[in-house]
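Heads up: the structure comes next, in structure tokens.
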Amino acid sequence: MSKKVIVGMSGGVDSSVAAILLKKQGYEVEGLFMRNWDSMVNNDILGNPDLNNNICPQEQDYNDALKVCEKLDIPLHRVDFVKEYWDYVFTYFLDELKRGRTPNPDIMCNKFIKFDLFIKEAKRLGADFIATGHYARLKNGHLMRGIDNNKDQTYFLCQLSNEQLKNVLFPVGDLVKSEVRELATEYDLITADKKDSTGICFIGERNFNSFLKNYLPNQKGKIVNIETNEEIGEHVGLMYYTLGQRKGVGISGNKEKLFVVGKDLEKNILYVAFGDDSEYLYSDECIVEDMNFISDQRPTFCTAKFRYRQKDIPVVIEYIDETHIKVKYPSKVRAVTPGQACVLYFGEECLGGGIIKEIRKDNQKLWYI
């Protein structure tokens, strides 16, 4: 009797091809679509143009997933995690913004929804394994990078536990994106040429500021040149800005590029500096909290990513306690940002990751962050 696999069908090409590969391998395959966001309630107040077409993007994704499953002759289940997503992911997102940090809700979605609630629902449906379209690999219980370096998604899986990764399959982890699309085309799937989703799922293609003002009150304040302490403009709310940001700061007419380098929450000041080589853009170490190790390895020297698709940075690790580490990067790194994930690697293996709590330079916490 073949083993049953429940595939997380997102309506995209990666999960579609994951289902194809599992069927070819002889598994009994079923799909499960997760509804994590109530677009009709949360988006219509924003004048979302997609709703004028009588279908929101999430419903379109479901319809695409349904067509793929019909084409592959596999059943598709649907489950509603809207409340749980709000409680565990969206609330976290808002709380981090209130703290002046730049959160990554996709990491929390994987931790609390896709590899927790989804697994429980899949088991209820009789699954022996669950599978997703993530570009990652598992080898003897170790989480390894996907073969496609440009698409590797282990960064977003850094908060998972070994228990969560048991009986998980990543069918597309051994493929590059072009091979995935070729397979979808070969099977004549509606998702073969579908554009990859980008950005935060509940915001989609809409304006971030317009979306956010419906949930957090914004307070305007001063934009200050950190090098001269001169007020040079007005920001629309600190939560709308992140370290290293250049576009959308709201100051024009300067020949030299301007970048966000810090925030003062108490005084409601946004600090900026001119020039992409400004010293205020760089740090040489950070404190990481909520550190989660997937691997048993605890190296002193390894590499790290401080944002998705960043090149690996050689780092030195100091272990503070079970959930806190200090990460030193002798070659200073630009725009390491509190709230983002610091993910550690030892060669091809993802060791785990945590959340950047503070950034430091020359053994001092940067006061303007």
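Every chain in the structure tokens has a letter given in the order shown (A, B, ...), and although residue numbers restart at 1 in each chain, ligands are simply numbered from 1 in the order shown.
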
Could I get the residues of segment 168-229 of chain A with an atom no further than 7 Å from an atom of segment 14-26 of chain A, each paired with its nearest atom pair and that distance in Å to one decimal, using only C-alpha atoms, sorted by chain and residue number, as a tab-separated table?
residue	atom	partner	partner_atom	distance
A:Pro171	CA	A:Ala18	CA	5.1
A:Val172	CA	A:Ala18	CA	5.9
A:Val180	CA	A:Val17	CA	6.3
A:Leu183	CA	A:Val17	CA	6.8
A:Ala184	CA	A:Val17	CA	6.1

Selection file, N, CA, C and O atoms, as a PDB file, in the first residue's frame:
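Writing the result to selection.pdb gives the following:
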ATOM      1  N   PRO A 171       9.914  18.193  -2.561  1.00  0.00           N
ATOM      2  CA  PRO A 171      10.168  17.570  -3.875  1.00  0.00           C
ATOM      3  C   PRO A 171      10.929  18.437  -4.864  1.00  0.00           C
ATOM      4  O   PRO A 171      11.664  17.903  -5.716  1.00  0.00           O
ATOM      5  N   VAL A 172      10.782  19.778  -4.817  1.00  0.00           N
ATOM      6  CA  VAL A 172      11.449  20.608  -5.826  1.00  0.00           C
ATOM      7  C   VAL A 172      12.827  21.084  -5.365  1.00  0.00           C
ATOM      8  O   VAL A 172      13.501  21.815  -6.078  1.00  0.00           O
ATOM      9  N   VAL A 180      11.498  23.307 -13.034  1.00  0.00           N
ATOM     10  CA  VAL A 180      10.150  23.265 -12.459  1.00  0.00           C
ATOM     11  C   VAL A 180       9.128  23.750 -13.481  1.00  0.00           C
ATOM     12  O   VAL A 180       8.086  23.128 -13.703  1.00  0.00           O
ATOM     13  N   LEU A 183       8.563  21.211 -16.311  1.00  0.00           N
ATOM     14  CA  LEU A 183       7.676  20.108 -15.926  1.00  0.00           C
ATOM     15  C   LEU A 183       6.216  20.544 -15.929  1.00  0.00           C
ATOM     16  O   LEU A 183       5.336  19.808 -16.393  1.00  0.00           O
ATOM     17  N   ALA A 184       5.957  21.759 -15.431  1.00  0.00           N
ATOM     18  CA  ALA A 184       4.581  22.268 -15.414  1.00  0.00           C
ATOM     19  C   ALA A 184       4.055  22.455 -16.830  1.00  0.00           C
ATOM     20  O   ALA A 184       2.878  22.189 -17.110  1.00  0.00           O
TER      21      ALA A 184
END

Which polymer residues have any atom within 9 Å of an atom of Met144 of chain A, counting only C-alpha atoms, with same-chain residues fewer than 6 positions away left out, as a list of chain:residue names? A:Ala136, A:Arg137, A:Leu138, A:Thr154, A:Gly347, A:Glu348, A:Glu349, A:Cys350, A:Leu351

Can you spit out the residues from that selection as a compact mmCIF listing (two decimals), in the first residue's frame, using all heavy atoms?
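Writing done, so here's selection.txt:
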# COMPACT_ATOMS: atom_id res chain seq x y z
N ALA A 136 14.23 23.61 -0.78
CA ALA A 136 15.06 23.18 0.33
C ALA A 136 15.19 21.67 0.23
O ALA A 136 14.48 21.01 -0.54
CB ALA A 136 14.42 23.58 1.67
N ARG A 137 16.12 21.11 1.01
CA ARG A 137 16.31 19.66 1.01
C ARG A 137 16.50 19.17 2.44
O ARG A 137 16.95 19.92 3.30
CB ARG A 137 17.55 19.27 0.18
CG ARG A 137 17.44 19.60 -1.31
CD ARG A 137 18.76 19.29 -2.01
NE ARG A 137 19.83 20.14 -1.54
CZ ARG A 137 21.12 19.80 -1.48
NH1 ARG A 137 21.50 18.58 -1.86
NH2 ARG A 137 22.03 20.66 -1.04
N LEU A 138 16.16 17.93 2.66
CA LEU A 138 16.42 17.28 3.93
C LEU A 138 17.31 16.07 3.67
O LEU A 138 17.01 15.25 2.82
CB LEU A 138 15.12 16.84 4.61
CG LEU A 138 14.30 17.95 5.25
CD1 LEU A 138 12.90 17.46 5.62
CD2 LEU A 138 15.00 18.51 6.49
N THR A 154 15.66 28.10 2.57
CA THR A 154 15.94 27.69 3.94
C THR A 154 15.92 28.88 4.89
O THR A 154 15.66 28.71 6.09
CB THR A 154 17.28 26.95 4.03
OG1 THR A 154 18.30 27.76 3.41
CG2 THR A 154 17.22 25.61 3.34
N GLY A 347 28.45 25.39 5.45
CA GLY A 347 28.43 24.79 4.12
C GLY A 347 27.02 24.82 3.57
O GLY A 347 26.37 25.86 3.54
N GLU A 348 26.52 23.66 3.18
CA GLU A 348 25.17 23.56 2.60
C GLU A 348 24.09 23.42 3.66
O GLU A 348 22.90 23.52 3.35
CB GLU A 348 25.10 22.37 1.63
CG GLU A 348 25.91 22.55 0.36
CD GLU A 348 25.39 23.72 -0.45
OE1 GLU A 348 24.24 23.69 -0.89
OE2 GLU A 348 26.16 24.69 -0.64
N GLU A 349 24.47 23.18 4.90
CA GLU A 349 23.48 22.95 5.95
C GLU A 349 23.02 24.25 6.59
O GLU A 349 23.82 25.12 6.93
CB GLU A 349 24.05 22.03 7.04
CG GLU A 349 23.02 21.70 8.12
CD GLU A 349 23.55 20.76 9.18
OE1 GLU A 349 24.74 20.40 9.13
OE2 GLU A 349 22.76 20.40 10.08
N CYS A 350 21.70 24.38 6.76
CA CYS A 350 21.12 25.49 7.53
C CYS A 350 21.08 25.07 8.98
O CYS A 350 20.40 24.10 9.35
CB CYS A 350 19.71 25.80 7.02
SG CYS A 350 18.87 27.10 7.97
N LEU A 351 21.81 25.79 9.83
CA LEU A 351 21.91 25.45 11.24
C LEU A 351 20.71 25.93 12.04
O LEU A 351 20.39 25.39 13.09
CB LEU A 351 23.18 26.06 11.84
CG LEU A 351 24.51 25.71 11.15
CD1 LEU A 351 25.66 26.40 11.85
CD2 LEU A 351 24.72 24.20 11.13

As number ranges by chain, please: every residue in segment 228-357 of chain A that a backbone DSSP assignment puts in helix (DSSP H, G or I). A: 238-240, 279-281

Suppose we keep all heavy atoms; can you now write the selection as a compact mmCIF listing (two decimals), in the first residue's frame?
# COMPACT_ATOMS: atom_id res chain seq x y z
N LEU A 238 7.25 56.24 11.57
CA LEU A 238 8.49 55.46 11.60
C LEU A 238 8.31 54.03 11.11
O LEU A 238 9.23 53.42 10.60
CB LEU A 238 9.07 55.46 13.02
CG LEU A 238 9.63 56.79 13.53
CD1 LEU A 238 10.10 56.64 14.97
CD2 LEU A 238 10.75 57.30 12.65
N MET A 239 7.10 53.49 11.28
CA MET A 239 6.87 52.09 10.91
C MET A 239 6.99 51.85 9.41
O MET A 239 7.15 50.71 8.97
CB MET A 239 5.48 51.66 11.37
CG MET A 239 4.36 52.49 10.77
SD MET A 239 2.84 52.24 11.69
CE MET A 239 1.92 53.71 11.29
N TYR A 240 6.93 52.91 8.61
CA TYR A 240 6.97 52.75 7.17
C TYR A 240 8.39 52.67 6.61
O TYR A 240 8.58 52.53 5.40
CB TYR A 240 6.26 53.92 6.48
CG TYR A 240 4.79 54.04 6.84
CD1 TYR A 240 4.28 55.23 7.35
CD2 TYR A 240 3.92 52.97 6.68
CE1 TYR A 240 2.93 55.35 7.68
CE2 TYR A 240 2.59 53.07 7.01
CZ TYR A 240 2.10 54.28 7.50
OH TYR A 240 0.77 54.38 7.82
N GLU A 279 29.20 55.70 6.90
CA GLU A 279 29.57 54.84 8.03
C GLU A 279 28.35 54.44 8.85
O GLU A 279 28.34 53.40 9.53
CB GLU A 279 30.58 55.55 8.93
CG GLU A 279 30.02 56.83 9.58
CD GLU A 279 30.97 57.41 10.62
OE1 GLU A 279 31.43 56.63 11.48
OE2 GLU A 279 31.25 58.61 10.54
N TYR A 280 27.29 55.24 8.81
CA TYR A 280 26.11 54.96 9.61
C TYR A 280 25.27 53.81 9.06
O TYR A 280 24.34 53.35 9.71
CB TYR A 280 25.25 56.22 9.72
CG TYR A 280 25.92 57.32 10.52
CD1 TYR A 280 26.60 58.35 9.88
CD2 TYR A 280 25.89 57.31 11.91
CE1 TYR A 280 27.22 59.35 10.60
CE2 TYR A 280 26.52 58.30 12.65
CZ TYR A 280 27.19 59.32 11.99
OH TYR A 280 27.80 60.31 12.72
N LEU A 281 25.60 53.34 7.85
CA LEU A 281 24.89 52.21 7.27
C LEU A 281 25.48 50.87 7.72
O LEU A 281 24.89 49.83 7.48
CB LEU A 281 24.93 52.28 5.75
CG LEU A 281 23.95 53.25 5.07
CD1 LEU A 281 24.33 53.43 3.61
CD2 LEU A 281 22.53 52.76 5.20

Atom CA of Trp37 of chain A and atom CA of Arg99 of chain A are how many Å apart?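 Straight-line distance from atom CA of Trp37 of chain A to atom CA of Arg99 of chain A works out to 23.7 Å.
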
Neighbour list for segment 57-65 of chain A as a compact mmCIF listing (two decimals) with all heavy atoms, in the first residue's frame, cut-off 7 Å, only C-alpha atoms, skip fewer than 6 positions in-chain:
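Heads up, here's the output in selection.txt:
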# COMPACT_ATOMS: atom_id res chain seq x y z
N MET A 9 -0.95 22.97 -1.39
CA MET A 9 -1.17 23.55 -2.72
C MET A 9 -1.46 25.04 -2.58
O MET A 9 -2.48 25.43 -2.02
CB MET A 9 -2.32 22.85 -3.42
CG MET A 9 -2.11 21.35 -3.64
SD MET A 9 -0.71 20.97 -4.72
CE MET A 9 -1.32 21.57 -6.30
N SER A 10 -0.56 25.87 -3.08
CA SER A 10 -0.69 27.32 -2.94
C SER A 10 -1.34 27.97 -4.15
O SER A 10 -1.69 29.15 -4.10
CB SER A 10 0.69 27.94 -2.72
OG SER A 10 1.48 27.78 -3.89
N GLY A 11 -1.47 27.22 -5.24
CA GLY A 11 -1.93 27.82 -6.49
C GLY A 11 -0.77 28.33 -7.32
O GLY A 11 -0.98 29.00 -8.33
N PHE A 33 -5.31 23.19 0.48
CA PHE A 33 -5.17 24.63 0.30
C PHE A 33 -5.51 25.33 1.61
O PHE A 33 -6.55 25.06 2.22
CB PHE A 33 -6.10 25.12 -0.81
CG PHE A 33 -6.02 26.60 -1.07
CD1 PHE A 33 -5.10 27.11 -1.98
CD2 PHE A 33 -6.86 27.50 -0.41
CE1 PHE A 33 -5.01 28.48 -2.23
CE2 PHE A 33 -6.78 28.87 -0.65
CZ PHE A 33 -5.85 29.35 -1.56
N ASP A 50 -8.42 44.47 -7.29
CA ASP A 50 -8.69 43.08 -7.60
C ASP A 50 -10.10 42.69 -7.21
O ASP A 50 -10.71 41.82 -7.83
CB ASP A 50 -7.69 42.16 -6.88
CG ASP A 50 -6.27 42.33 -7.42
OD1 ASP A 50 -6.13 42.26 -8.65
OD2 ASP A 50 -5.35 42.55 -6.64
N ILE A 190 -2.01 25.07 -15.57
CA ILE A 190 -2.35 26.49 -15.65
C ILE A 190 -1.32 27.36 -14.93
O ILE A 190 -1.18 28.55 -15.22
CB ILE A 190 -3.77 26.72 -15.05
CG1 ILE A 190 -4.26 28.14 -15.39
CG2 ILE A 190 -3.78 26.48 -13.55
CD1 ILE A 190 -5.72 28.36 -15.02
N THR A 191 -0.57 26.77 -14.02
CA THR A 191 0.42 27.52 -13.24
C THR A 191 1.80 27.59 -13.90
O THR A 191 2.72 28.20 -13.35
CB THR A 191 0.58 26.89 -11.85
OG1 THR A 191 0.92 25.50 -12.01
CG2 THR A 191 -0.69 27.01 -11.04
